[in-house]
file run-v9.cif (mmCIF, C-alpha atoms)
data_work
#
loop_
_atom_site.label_atom_id
_atom_site.label_comp_id
_atom_site.auth_asym_id
_atom_site.auth_seq_id
_atom_site.Cartn_x
_atom_site.Cartn_y
_atom_site.Cartn_z
CA MET Q 1 54.12 14.71 -15.34
CA ASN Q 2 52.75 13.12 -18.52
CA ILE Q 3 49.73 14.66 -20.17
CA ILE Q 4 47.47 11.85 -21.35
CA THR Q 5 44.07 13.46 -21.81
CA THR Q 6 42.35 16.84 -21.97
CA GLY Q 7 42.23 18.73 -18.66
CA VAL Q 8 40.27 21.95 -18.18
CA ALA Q 9 40.10 24.27 -15.17
CA GLY Q 10 38.65 27.70 -14.54
CA THR Q 11 35.62 29.64 -15.70
CA MET Q 12 34.74 32.50 -18.00
CA GLU Q 13 33.80 34.68 -15.02
CA SER Q 14 35.50 38.02 -14.52
CA SER Q 15 38.86 37.73 -12.67
CA ASP Q 16 39.18 34.08 -13.75
CA ILE Q 17 40.95 32.26 -16.56
CA ILE Q 18 40.02 29.00 -18.26
CA VAL Q 19 43.04 26.82 -19.02
CA THR Q 20 42.94 23.73 -21.25
CA VAL Q 21 45.86 21.32 -21.27
CA GLU Q 22 46.01 18.59 -23.96
CA PRO Q 23 48.50 15.96 -25.09
CA LYS Q 24 50.98 16.90 -27.77
CA ALA Q 25 53.20 14.80 -30.01
CA GLY Q 26 56.82 15.61 -29.28
CA GLU Q 27 58.50 17.90 -26.75
CA GLY Q 28 57.64 21.48 -25.92
CA ILE Q 29 54.68 23.58 -24.83
CA ASP Q 30 52.43 25.04 -27.53
CA LEU Q 31 50.53 27.90 -25.95
CA THR Q 32 47.70 30.03 -27.28
CA LEU Q 33 46.31 32.81 -25.12
CA GLU Q 34 43.31 35.13 -25.43
CA SER Q 35 42.99 37.91 -22.92
CA ASP Q 36 41.03 41.11 -22.40
CA VAL Q 37 44.32 42.61 -21.22
CA MET Q 38 46.58 40.99 -23.80
CA GLN Q 39 48.55 44.10 -24.55
CA GLN Q 40 49.37 44.93 -20.92
CA PHE Q 41 49.70 41.50 -19.35
CA GLY Q 42 49.84 38.89 -22.12
CA LYS Q 43 53.53 38.15 -21.67
CA GLN Q 44 53.20 37.90 -17.90
CA ILE Q 45 50.24 35.49 -18.11
CA GLU Q 46 52.15 33.33 -20.59
CA LYS Q 47 55.19 33.32 -18.31
CA VAL Q 48 53.12 32.21 -15.30
CA ILE Q 49 51.57 29.36 -17.32
CA ARG Q 50 54.94 28.19 -18.65
CA ASP Q 51 56.66 28.48 -15.25
CA THR Q 52 53.86 26.57 -13.54
CA LEU Q 53 54.00 23.74 -16.09
CA ALA Q 54 57.79 23.60 -15.76
CA GLU Q 55 57.49 23.29 -11.94
CA LEU Q 56 55.10 20.39 -12.45
CA GLY Q 57 57.53 18.72 -14.87
CA VAL Q 58 55.22 19.06 -17.86
CA ASN Q 59 57.49 19.09 -20.91
CA SER Q 60 54.99 18.31 -23.62
CA ALA Q 61 51.51 19.78 -23.94
CA CYS Q 62 49.19 21.90 -26.02
CA VAL Q 63 47.78 24.65 -23.82
CA SER Q 64 45.07 27.15 -24.60
CA ALA Q 65 43.93 29.82 -22.16
CA VAL Q 66 41.16 32.40 -22.19
CA ASP Q 67 41.82 35.08 -19.58
CA LYS Q 68 39.22 37.34 -18.02
CA GLY Q 69 41.52 39.46 -15.91
CA ALA Q 70 42.93 36.82 -13.57
CA LEU Q 71 45.64 37.58 -11.02
CA ASP Q 72 48.91 35.64 -11.33
CA CYS Q 73 47.93 33.36 -8.46
CA THR Q 74 44.68 32.47 -10.25
CA VAL Q 75 46.54 31.77 -13.51
CA ALA Q 76 48.94 29.47 -11.65
CA ALA Q 77 46.13 27.72 -9.73
CA ARG Q 78 44.07 27.06 -12.87
CA THR Q 79 47.15 25.82 -14.75
CA MET Q 80 48.01 23.43 -11.92
CA ALA Q 81 44.47 22.07 -11.77
CA ALA Q 82 44.21 21.63 -15.54
CA ALA Q 83 47.60 19.88 -15.70
CA TYR Q 84 46.77 17.42 -12.90
CA ARG Q 85 43.45 16.69 -14.56
CA ALA Q 86 45.16 16.18 -17.93
CA ALA Q 87 47.62 13.80 -16.29
CA GLU Q 88 44.71 12.01 -14.53
CA SER Q 89 46.75 12.38 -11.35
CA THR Q 90 45.74 13.12 -7.79
CA ASP Q 91 49.28 12.84 -6.44
CA TYR Q 92 49.26 16.53 -5.65
CA VAL Q 93 52.49 18.12 -4.53
CA PHE Q 94 52.45 21.39 -2.63
CA ASN Q 95 56.07 22.47 -2.35
CA GLU Q 96 55.58 26.11 -1.56
CA VAL Q 97 55.31 27.00 2.12
CA LYS Q 98 54.24 30.51 2.93
CA LYS Q 99 56.81 32.53 4.87
CA LYS Q 100 55.47 34.35 7.91
CA MET H 1 39.52 39.41 27.19
CA SER H 2 42.22 37.60 25.28
CA GLY H 3 42.97 37.27 21.59
CA ARG H 4 41.60 39.25 18.74
CA LEU H 5 38.15 40.48 17.83
CA ARG H 6 36.08 38.00 15.85
CA ARG H 7 32.80 39.86 15.51
CA SER H 8 32.47 38.96 11.86
CA MET H 9 33.80 36.07 9.78
CA LEU H 10 33.12 36.60 6.06
CA PHE H 11 32.47 33.43 4.06
CA VAL H 12 34.23 33.45 0.69
CA PRO H 13 33.57 30.58 -1.75
CA GLY H 14 36.93 28.96 -2.45
CA ASN H 15 36.42 28.67 -6.18
CA ASN H 16 35.61 32.32 -6.86
CA PRO H 17 38.76 34.27 -7.83
CA GLY H 18 37.03 37.66 -7.82
CA MET H 19 35.71 37.27 -4.28
CA ILE H 20 39.03 35.87 -3.08
CA ARG H 21 40.79 38.91 -4.52
CA ASP H 22 38.41 41.42 -2.93
CA ALA H 23 37.63 39.70 0.37
CA HIS H 24 39.84 41.94 2.52
CA ILE H 25 38.27 45.25 1.51
CA TYR H 26 34.95 44.87 3.32
CA GLY H 27 36.20 45.23 6.88
CA SER H 28 35.33 41.88 8.42
CA ASP H 29 37.47 40.83 11.36
CA SER H 30 38.16 37.42 9.78
CA ILE H 31 37.94 36.01 6.27
CA MET H 32 36.94 32.37 5.86
CA PHE H 33 37.81 30.77 2.54
CA ASP H 34 35.48 27.86 2.03
CA LEU H 35 36.48 24.57 0.43
CA GLU H 36 33.42 22.75 1.73
CA ASP H 37 29.73 23.35 1.07
CA SER H 38 30.08 26.29 -1.34
CA VAL H 39 32.29 24.25 -3.68
CA ALA H 40 30.79 21.65 -6.03
CA ILE H 41 32.14 18.14 -5.56
CA THR H 42 33.59 18.27 -9.09
CA GLU H 43 35.57 21.43 -8.29
CA LYS H 44 37.20 20.50 -4.98
CA ASP H 45 40.61 20.26 -6.64
CA THR H 46 40.39 23.60 -8.43
CA ALA H 47 39.20 25.43 -5.30
CA ARG H 48 42.01 23.87 -3.25
CA PHE H 49 44.63 25.06 -5.75
CA LEU H 50 43.06 28.50 -5.91
CA VAL H 51 42.93 29.09 -2.14
CA TYR H 52 46.43 27.62 -1.73
CA LYS H 53 47.91 29.93 -4.37
CA ALA H 54 45.97 32.95 -3.09
CA LEU H 55 47.14 32.47 0.49
CA THR H 56 50.76 31.89 -0.49
CA THR H 57 50.76 34.90 -2.82
CA LEU H 58 48.35 37.67 -1.81
CA ASN H 59 48.81 40.04 1.11
CA TYR H 60 45.70 40.35 3.25
CA GLY H 61 47.39 42.56 5.83
CA LYS H 62 46.51 41.78 9.42
CA LYS H 63 43.18 40.12 8.63
CA GLU H 64 42.66 36.81 10.33
CA LEU H 65 42.58 34.16 7.60
CA VAL H 66 40.54 31.02 8.11
CA VAL H 67 40.04 28.10 5.72
CA ARG H 68 37.13 25.70 6.05
CA ILE H 69 38.27 22.29 4.88
CA ASN H 70 36.13 19.28 4.01
CA ASP H 71 35.65 16.78 6.79
CA LEU H 72 38.35 14.15 7.08
CA SER H 73 35.96 11.22 6.72
CA SER H 74 35.18 12.39 3.17
CA GLY H 75 38.75 11.64 2.06
CA ILE H 76 38.86 15.15 0.62
CA GLY H 77 39.69 16.85 3.90
CA ILE H 78 43.14 15.29 4.13
CA MET H 79 43.99 16.57 0.64
CA ASP H 80 42.81 20.01 1.75
CA LEU H 81 45.09 19.88 4.78
CA GLU H 82 48.15 18.90 2.71
CA ALA H 83 47.75 22.13 0.73
CA ILE H 84 46.27 24.52 3.23
CA VAL H 85 48.57 23.92 6.22
CA ARG H 86 51.48 24.87 3.93
CA ALA H 87 49.64 28.05 2.93
CA ARG H 88 49.64 28.98 6.62
CA PRO H 89 46.26 30.49 7.37
CA ASP H 90 45.76 31.57 10.97
CA VAL H 91 43.02 29.02 11.53
CA ILE H 92 41.70 25.85 9.93
CA ARG H 93 37.98 25.35 10.43
CA LEU H 94 36.87 21.78 10.81
CA PRO H 95 33.27 21.22 9.67
CA LYS H 96 30.71 18.78 11.05
CA THR H 97 32.58 18.15 14.30
CA GLU H 98 30.77 15.49 16.30
CA THR H 99 33.32 14.38 18.89
CA ALA H 100 36.56 15.47 20.53
CA GLN H 101 38.22 12.69 18.55
CA ASP H 102 37.36 14.50 15.30
CA VAL H 103 39.43 17.46 16.50
CA ILE H 104 42.25 15.24 17.77
CA ASP H 105 42.42 13.36 14.46
CA CYS H 106 42.57 16.61 12.50
CA GLU H 107 45.19 18.05 14.84
CA ARG H 108 47.37 14.96 14.38
CA GLU H 109 47.37 15.47 10.60
CA ILE H 110 48.05 19.20 10.94
CA GLU H 111 51.00 18.49 13.22
CA ARG H 112 52.42 15.89 10.81
CA ILE H 113 52.23 18.33 7.92
CA GLU H 114 53.73 21.14 10.01
CA ARG H 115 56.73 18.89 10.78
CA GLU H 116 57.11 17.78 7.16
CA ALA H 117 56.94 21.36 5.87
CA GLY H 118 59.22 22.90 8.50
CA ILE H 119 56.40 24.97 9.98
CA PRO H 120 56.56 25.65 13.75
CA VAL H 121 54.46 22.94 15.39
CA GLY H 122 51.37 24.40 16.97
CA SER H 123 51.33 27.57 14.87
CA THR H 124 48.20 26.55 12.94
CA GLY H 125 45.07 27.39 14.88
CA MET H 126 41.85 25.42 14.68
CA MET H 127 38.17 26.02 15.15
CA ALA H 128 35.46 23.40 15.21
CA ALA H 129 32.03 23.85 13.70
CA ILE H 130 29.30 21.88 15.44
CA GLU H 131 26.48 20.99 13.09
CA SER H 132 24.61 18.00 14.55
CA ALA H 133 22.64 16.97 17.61
CA ILE H 134 25.44 14.68 18.81
CA GLY H 135 27.98 17.45 18.23
CA VAL H 136 25.97 19.81 20.42
CA LEU H 137 25.76 17.21 23.18
CA ASN H 138 29.56 16.79 22.95
CA ALA H 139 30.24 20.54 22.86
CA LYS H 140 32.12 20.55 26.17
CA GLU H 141 34.49 17.72 25.19
CA ILE H 142 35.03 19.32 21.78
CA ALA H 143 35.80 22.73 23.31
CA PHE H 144 38.45 21.20 25.61
CA SER H 145 39.93 18.84 23.00
CA SER H 146 42.89 20.89 21.70
CA LYS H 147 45.01 23.85 22.70
CA ARG H 148 44.91 24.94 19.07
CA LEU H 149 41.19 25.69 19.23
CA ILE H 150 40.43 29.40 19.11
CA GLY H 151 36.70 28.80 19.17
CA ILE H 152 33.74 26.61 18.41
CA ALA H 153 30.98 27.58 16.02
CA LEU H 154 27.40 26.62 15.35
CA GLY H 155 26.46 25.47 11.86
CA ALA H 156 22.70 25.82 11.90
CA GLU H 157 21.51 24.40 8.62
CA ASP H 158 22.83 20.86 9.12
CA TYR H 159 21.94 20.99 12.82
CA VAL H 160 18.30 21.92 12.16
CA THR H 161 18.10 19.22 9.49
CA ASP H 162 19.43 16.72 12.03
CA LEU H 163 16.77 17.80 14.52
CA LYS H 164 14.08 17.48 11.85
CA ALA H 165 13.07 20.99 12.85
CA THR H 166 12.67 24.03 10.63
CA ARG H 167 14.41 27.40 10.65
CA SER H 168 12.34 30.21 12.12
CA PRO H 169 12.92 33.97 12.17
CA GLU H 170 13.21 33.99 15.97
CA GLY H 171 15.58 31.00 16.04
CA ILE H 172 13.82 29.08 18.81
CA GLU H 173 15.09 25.83 17.27
CA LEU H 174 18.68 26.95 17.93
CA MET H 175 18.32 28.00 21.56
CA PHE H 176 19.60 24.76 23.09
CA ALA H 177 22.54 24.49 20.68
CA ARG H 178 23.50 28.11 21.17
CA GLY H 179 23.30 27.73 24.95
CA MET H 180 25.43 24.59 24.91
CA ILE H 181 28.02 26.04 22.56
CA VAL H 182 28.43 29.36 24.32
CA ASN H 183 28.72 27.64 27.71
CA ALA H 184 31.21 25.07 26.48
CA ALA H 185 33.34 27.71 24.77
CA LYS H 186 33.46 30.01 27.76
CA ALA H 187 34.23 27.15 30.13
CA ALA H 188 37.19 26.27 27.90
CA GLY H 189 38.29 29.89 27.59
CA ILE H 190 37.74 30.05 23.83
CA MET H 191 35.36 31.97 21.59
CA ALA H 192 31.78 31.12 20.68
CA LEU H 193 30.86 31.96 17.09
CA ASP H 194 27.35 31.94 15.72
CA THR H 195 25.94 30.63 12.47
CA VAL H 196 25.16 32.59 9.30
CA TYR H 197 21.94 34.51 8.73
CA SER H 198 20.96 33.50 5.22
CA ASP H 199 18.28 36.08 4.37
CA VAL H 200 20.64 38.85 3.30
CA ASN H 201 17.80 41.20 2.39
CA ASN H 202 16.31 41.12 5.89
CA GLU H 203 18.57 43.52 7.78
CA GLU H 204 16.07 43.92 10.61
CA GLY H 205 15.98 40.18 11.21
CA PHE H 206 19.77 39.99 10.99
CA ILE H 207 20.23 42.74 13.59
CA ALA H 208 17.70 41.08 15.89
CA GLU H 209 19.61 37.79 15.68
CA ALA H 210 22.98 39.48 16.15
CA THR H 211 21.63 41.31 19.21
CA LEU H 212 20.32 38.05 20.64
CA ILE H 213 23.59 36.18 20.24
CA ARG H 214 25.63 39.02 21.67
CA LYS H 215 23.38 39.05 24.74
CA MET H 216 23.90 35.30 25.04
CA GLY H 217 27.68 35.73 25.16
CA PHE H 218 28.73 34.89 21.62
CA ASP H 219 31.84 36.69 20.38
CA GLY H 220 30.80 36.98 16.77
CA LYS H 221 28.98 35.56 13.83
CA SER H 222 29.64 34.25 10.35
CA VAL H 223 28.41 36.45 7.51
CA ILE H 224 27.71 35.51 3.92
CA ASN H 225 27.39 39.00 2.47
CA PRO H 226 29.61 42.05 3.04
CA ARG H 227 26.46 44.11 3.69
CA GLN H 228 26.03 42.26 6.98
CA ILE H 229 29.42 43.33 8.39
CA ARG H 230 28.65 46.92 9.28
CA PRO H 231 25.39 46.28 11.19
CA LEU H 232 27.01 43.33 12.94
CA HIS H 233 29.93 45.42 14.16
CA ALA H 234 27.47 48.08 15.29
CA VAL H 235 25.69 45.49 17.45
CA PHE H 236 29.01 44.45 18.99
CA THR H 237 30.11 48.03 19.65
CA PRO H 238 29.18 49.17 23.17
CA SER H 239 26.67 52.02 23.34
CA GLU H 240 27.69 55.39 24.78
CA ARG H 241 25.41 54.79 27.77
CA ASP H 242 27.05 51.43 28.51
CA LEU H 243 30.50 52.96 28.10
CA LYS H 244 29.76 55.78 30.52
CA LYS H 245 28.42 53.29 33.06
CA ALA H 246 31.48 51.06 32.68
CA MET H 247 33.82 54.02 33.13
CA ALA H 248 31.90 55.13 36.21
CA ILE H 249 32.24 51.63 37.67
CA MET H 250 35.99 51.63 37.06
CA ASP H 251 36.28 55.12 38.60
CA ALA H 252 34.36 54.01 41.68
CA ILE H 253 36.63 50.97 42.06
CA ALA H 254 39.75 53.14 41.70
CA GLU H 255 38.40 55.54 44.30
CA ALA H 256 37.62 52.73 46.74
CA ASN H 257 41.09 51.27 46.24
CA ALA H 258 42.63 54.70 46.91
CA ARG H 259 40.68 54.86 50.15
CA GLY H 260 41.96 51.43 51.07
CA SER H 261 38.42 50.12 51.02
CA GLY H 262 37.53 46.75 49.58
CA VAL H 263 33.94 47.83 49.02
CA ALA H 264 32.85 50.19 46.27
CA SER H 265 29.45 51.53 45.38
CA LEU H 266 27.89 53.52 42.58
CA ASN H 267 24.60 55.39 42.89
CA GLY H 268 23.92 53.55 46.14
CA LYS H 269 24.48 50.08 44.67
CA MET H 270 27.36 47.87 45.69
CA ILE H 271 29.83 47.03 42.93
CA ASP H 272 31.00 43.45 43.20
CA LYS H 273 33.62 41.52 41.26
CA PRO H 274 31.46 40.26 38.36
CA ILE H 275 30.21 43.79 37.69
CA VAL H 276 33.79 45.05 37.51
CA ALA H 277 34.78 42.17 35.21
CA ARG H 278 31.90 42.98 32.85
CA ALA H 279 32.82 46.67 32.84
CA GLN H 280 36.44 45.79 32.04
CA TYR H 281 35.34 43.48 29.24
CA LEU H 282 33.11 46.16 27.74
CA LEU H 283 35.87 48.78 27.82
CA GLU H 284 38.33 46.36 26.23
CA LEU H 285 35.78 45.49 23.54
CA TYR H 286 35.37 49.20 22.85
CA GLU H 287 39.13 49.77 22.62
CA ARG H 288 39.54 46.86 20.23
CA SER H 289 36.57 48.03 18.16
CA LYS H 290 38.20 51.46 17.85
CA ALA H 291 41.35 49.81 16.58
CA MET H 292 39.33 48.08 13.84
CA PRO H 293 36.87 50.71 12.59
CA VAL H 294 34.05 49.74 10.27
CA GLU H 295 34.93 50.54 6.66
CA GLU H 296 32.42 52.10 4.34
CA VAL H 297 31.14 49.52 1.83
#

call {"tool": "encode", "arguments": {"input": "run-v9.cif", "output": "structure tokens"}}
result
Amino acid sequence: MNIITTGVAGTMESSDIIVTVEPKAGEGIDLTLESDVMQQFGKQIEKVIRDTLAELGVNSACVSAVDKGALDCTVAARTMAAAYRAAESTDYVFNEVKKK
Amino acid sequence: MSGRLRRSMLFVPGNNPGMIRDAHIYGSDSIMFDLEDSVAITEKDTARFLVYKALTTLNYGKKELVVRINDLSSGIGIMDLEAIVRARPDVIRLPKTETAQDVIDCEREIERIEREAGIPVGSTGMMAAIESAIGVLNAKEIAFSSKRLIGIALGAEDYVTDLKATRSPEGIELMFARGMIVNAAKAAGIMALDTVYSDVNNEEGFIAEATLIRKMGFDGKSVINPRQIRPLHAVFTPSERDLKKAMAIMDAIAEANARGSGVASLNGKMIDKPIVARAQYLLELYERSKAMPVEEV
């Protein structure tokens, strides 16, 4: 997935996270994160963002995130939405099927 | 009485992570994550991702999980289905259902996605919300349109707008629609579910409406605030007086059967088959209510 513009998803409400994905020159993900729970969960939030981008095939992007206590699933959902918006793509792929 | 209790279905806006996280703690029988009217048109994608990730990740225990998608004619509904069928809620709620064909079209897409995703075909339930004058007139055909349907529901705001009527505290403008929907549902052997009561600060009015719809035969009601769950469950819980009467009816029937008599009576009144069926239903409702006690909020 190629990032061609700025994509933003999420809010500053409690339990949410706002993720901004922007184009970057060259390979790699540059990530900056602010969080009310940075010390306890900063690494985990960063991991979820990086893993989600990797699953989407995003290899090059500048990402900034402001976390307000989001669960992992919210972090992943906001990252997905921001990435698709930044790629100007609506070819959504939902690979994960819940096991019952 | 078949299936589970659906006295209360709590609406949860699909783009609100805090409410999605906490939705299971309030004690509603069902949780309905909404991708439709409570989500701004510019946030349909973000809400879809959020509900999809929540359902594939979080554990809501034995709560019945429902997702209201956008209608298929909008072009958004099909994108909702591609995500949500894979997230495997118990039920997908189709809004603005006007004809049986609306249900059939949605079912066809659900079945295609189930096959593509390796999900057992037929495992995704459906319910249809009827929100227009033509939908009400087609209630019977809608109720019989799919084996996946667990119920049909009334969506009052759009319906009243379609009628060019106004909402009133006593709900006279909804009487025909409620009558049609409850009759169609019961004829098809599925549940009838009532619309929301929007004035969350008017508990007296809410209880009056809940009492009315229970008397009419509805199985439950949508709620938009957790505060409405407890009084709603109280309305749907049989009173001690009704319970005692139902138990006395069942005892009288058992006694008559033991005597080899086909005729039973209680306090000088003959007990016929419909009276027994109602007593059985009430006792089953009570047993199921006991199994799902009302949590303190």

call {"tool": "resolve_selection", "arguments": {"input": "run-v9.cif", "expression": "the PyMOL selection byres ((chain H) within 9 of (chain Q))", "output": "NGL selection string"}}
result
:H and (15-19 or 21 or 43 or 45-58 or 79 or 82-83 or 85-88 or 117-119)

call {"tool": "residues_around", "arguments": {"input": "run-v9.cif", "residues": "Leu193 of chain H", "least_positions_apart": "3", "cutoff": "8 Å", "atoms": "all atoms listed in the file", "output": "MDAnalysis selection string"}}
result
chainID H and resid 151:154 218:222

call {"tool": "resolve_selection", "arguments": {"input": "run-v9.cif", "expression": "the PyMOL selection byres ((chain H and resi 202-214) around 9)", "output": "ChimeraX atom specification"}}
result
/H:169-171,178,193-194,197-201,215-221,227-228,231-232,235-236

call {"tool": "atom_distance", "arguments": {"input": "run-v9.cif", "atom1": "atom CA of Ala61 of chain Q", "atom2": "atom CA of Thr5 of chain Q"}}
result
10.0 Å

call {"tool": "atom_distance", "arguments": {"input": "run-v9.cif", "atom1": "atom CA of Ser261 of chain H", "atom2": "atom CA of Lys273 of chain H"}}
result
13.9 Å

call {"tool": "residues_around", "arguments": {"input": "run-v9.cif", "residues": "Ile271 of chain H", "least_positions_apart": "2", "cutoff": "12 Å", "atoms": "all atoms listed in the file", "output": "PyMOL selection string"}}
result
chain H and resi 245-246+248-254+256+262-269+273-279

call {"tool": "closest_residue", "arguments": {"input": "run-v9.cif", "among": "H:Ile76, H:Val66, H:Leu137, H:Val182", "to": "Ala100 of chain H", "atoms": "only C-alpha atoms"}}
result
H:Leu137

call {"tool": "resolve_selection", "arguments": {"input": "run-v9.cif", "expression": "the PyMOL selection byres ((chain Q and resi 56) around 10)", "output": "list in words"}}
result
Met1, Asn2, Arg50, Asp51, Thr52, Leu53, Ala54, Glu55, Gly57, Val58, Asn59, Thr79, Met80, Ala83, Tyr84, Tyr92 and Val93 of chain Q

call {"tool": "atom_distance", "arguments": {"input": "run-v9.cif", "atom1": "atom CA of Gly27 of chain H", "atom2": "atom CA of Arg68 of chain H"}}
result
19.6 Å

call {"tool": "closest_residue", "arguments": {"input": "run-v9.cif", "among": "Q:Leu31, Q:Cys62, Q:Met38, Q:Ile49", "to": "Ile4 of chain Q", "atoms": "only C-alpha atoms"}}
result
Q:Cys62

call {"tool": "closest_residue", "arguments": {"input": "run-v9.cif", "among": "Q:Ile45, Q:Val19, Q:Val66, Q:Val37", "to": "Thr6 of chain Q", "atoms": "only C-alpha atoms"}}
result
Q:Val19

call {"tool": "residues_around", "arguments": {"input": "run-v9.cif", "residues": "Ile104 of chain H", "least_positions_apart": "5", "cutoff": "10 Å", "atoms": "all atoms listed in the file", "output": "list in words"}}
result
Thr99, Glu109, Ile110, Ile142, Ser145 and Ser146 of chain H

call {"tool": "closest_residue", "arguments": {"input": "run-v9.cif", "among": "H:Ala165, H:Leu65, H:Ile190, H:Ile172", "to": "Lys147 of chain H", "atoms": "all atoms listed in the file"}}
result
H:Ile190

call {"tool": "decode", "arguments": {"input": "run-v9.cif", "residues": "segment 65-95 of chain Q", "atoms": "C-alpha atoms", "output": "PDB file, in the first residue's frame"}}
result
ATOM      1  CA  ALA Q  65      -0.238   9.132  17.183  1.00  0.00           C
ATOM      2  CA  VAL Q  66      -1.814  10.763  20.221  1.00  0.00           C
ATOM      3  CA  ASP Q  67      -3.265   8.125  22.531  1.00  0.00           C
ATOM      4  CA  LYS Q  68      -5.984   8.690  25.106  1.00  0.00           C
ATOM      5  CA  GLY Q  69      -6.048   5.228  26.610  1.00  0.00           C
ATOM      6  CA  ALA Q  70      -7.131   3.189  23.588  1.00  0.00           C
ATOM      7  CA  LEU Q  71      -7.361  -0.599  23.644  1.00  0.00           C
ATOM      8  CA  ASP Q  72      -5.181  -2.512  21.174  1.00  0.00           C
ATOM      9  CA  CYS Q  73      -8.163  -3.138  18.899  1.00  0.00           C
ATOM     10  CA  THR Q  74      -8.859   0.603  18.756  1.00  0.00           C
ATOM     11  CA  VAL Q  75      -5.204   1.375  17.972  1.00  0.00           C
ATOM     12  CA  ALA Q  76      -5.274  -1.175  15.144  1.00  0.00           C
ATOM     13  CA  ALA Q  77      -8.624   0.086  13.792  1.00  0.00           C
ATOM     14  CA  ARG Q  78      -7.525   3.730  13.754  1.00  0.00           C
ATOM     15  CA  THR Q  79      -4.198   2.815  12.125  1.00  0.00           C
ATOM     16  CA  MET Q  80      -5.992   0.835   9.410  1.00  0.00           C
ATOM     17  CA  ALA Q  81      -8.412   3.674   8.712  1.00  0.00           C
ATOM     18  CA  ALA Q  82      -5.673   6.316   8.611  1.00  0.00           C
ATOM     19  CA  ALA Q  83      -3.524   4.186   6.288  1.00  0.00           C
ATOM     20  CA  TYR Q  84      -6.350   3.520   3.817  1.00  0.00           C
ATOM     21  CA  ARG Q  85      -7.199   7.210   3.831  1.00  0.00           C
ATOM     22  CA  ALA Q  86      -3.537   8.127   3.272  1.00  0.00           C
ATOM     23  CA  ALA Q  87      -3.399   5.682   0.364  1.00  0.00           C
ATOM     24  CA  GLU Q  88      -6.694   7.115  -0.990  1.00  0.00           C
ATOM     25  CA  SER Q  89      -7.858   3.512  -1.241  1.00  0.00           C
ATOM     26  CA  THR Q  90     -11.214   1.908  -0.589  1.00  0.00           C
ATOM     27  CA  ASP Q  91     -10.052  -1.560  -1.612  1.00  0.00           C
ATOM     28  CA  TYR Q  92     -10.468  -2.732   1.950  1.00  0.00           C
ATOM     29  CA  VAL Q  93      -9.219  -6.176   2.838  1.00  0.00           C
ATOM     30  CA  PHE Q  94     -10.528  -7.953   5.904  1.00  0.00           C
ATOM     31  CA  ASN Q  95      -8.411 -11.069   6.288  1.00  0.00           C
TER      32      ASN Q  95
END
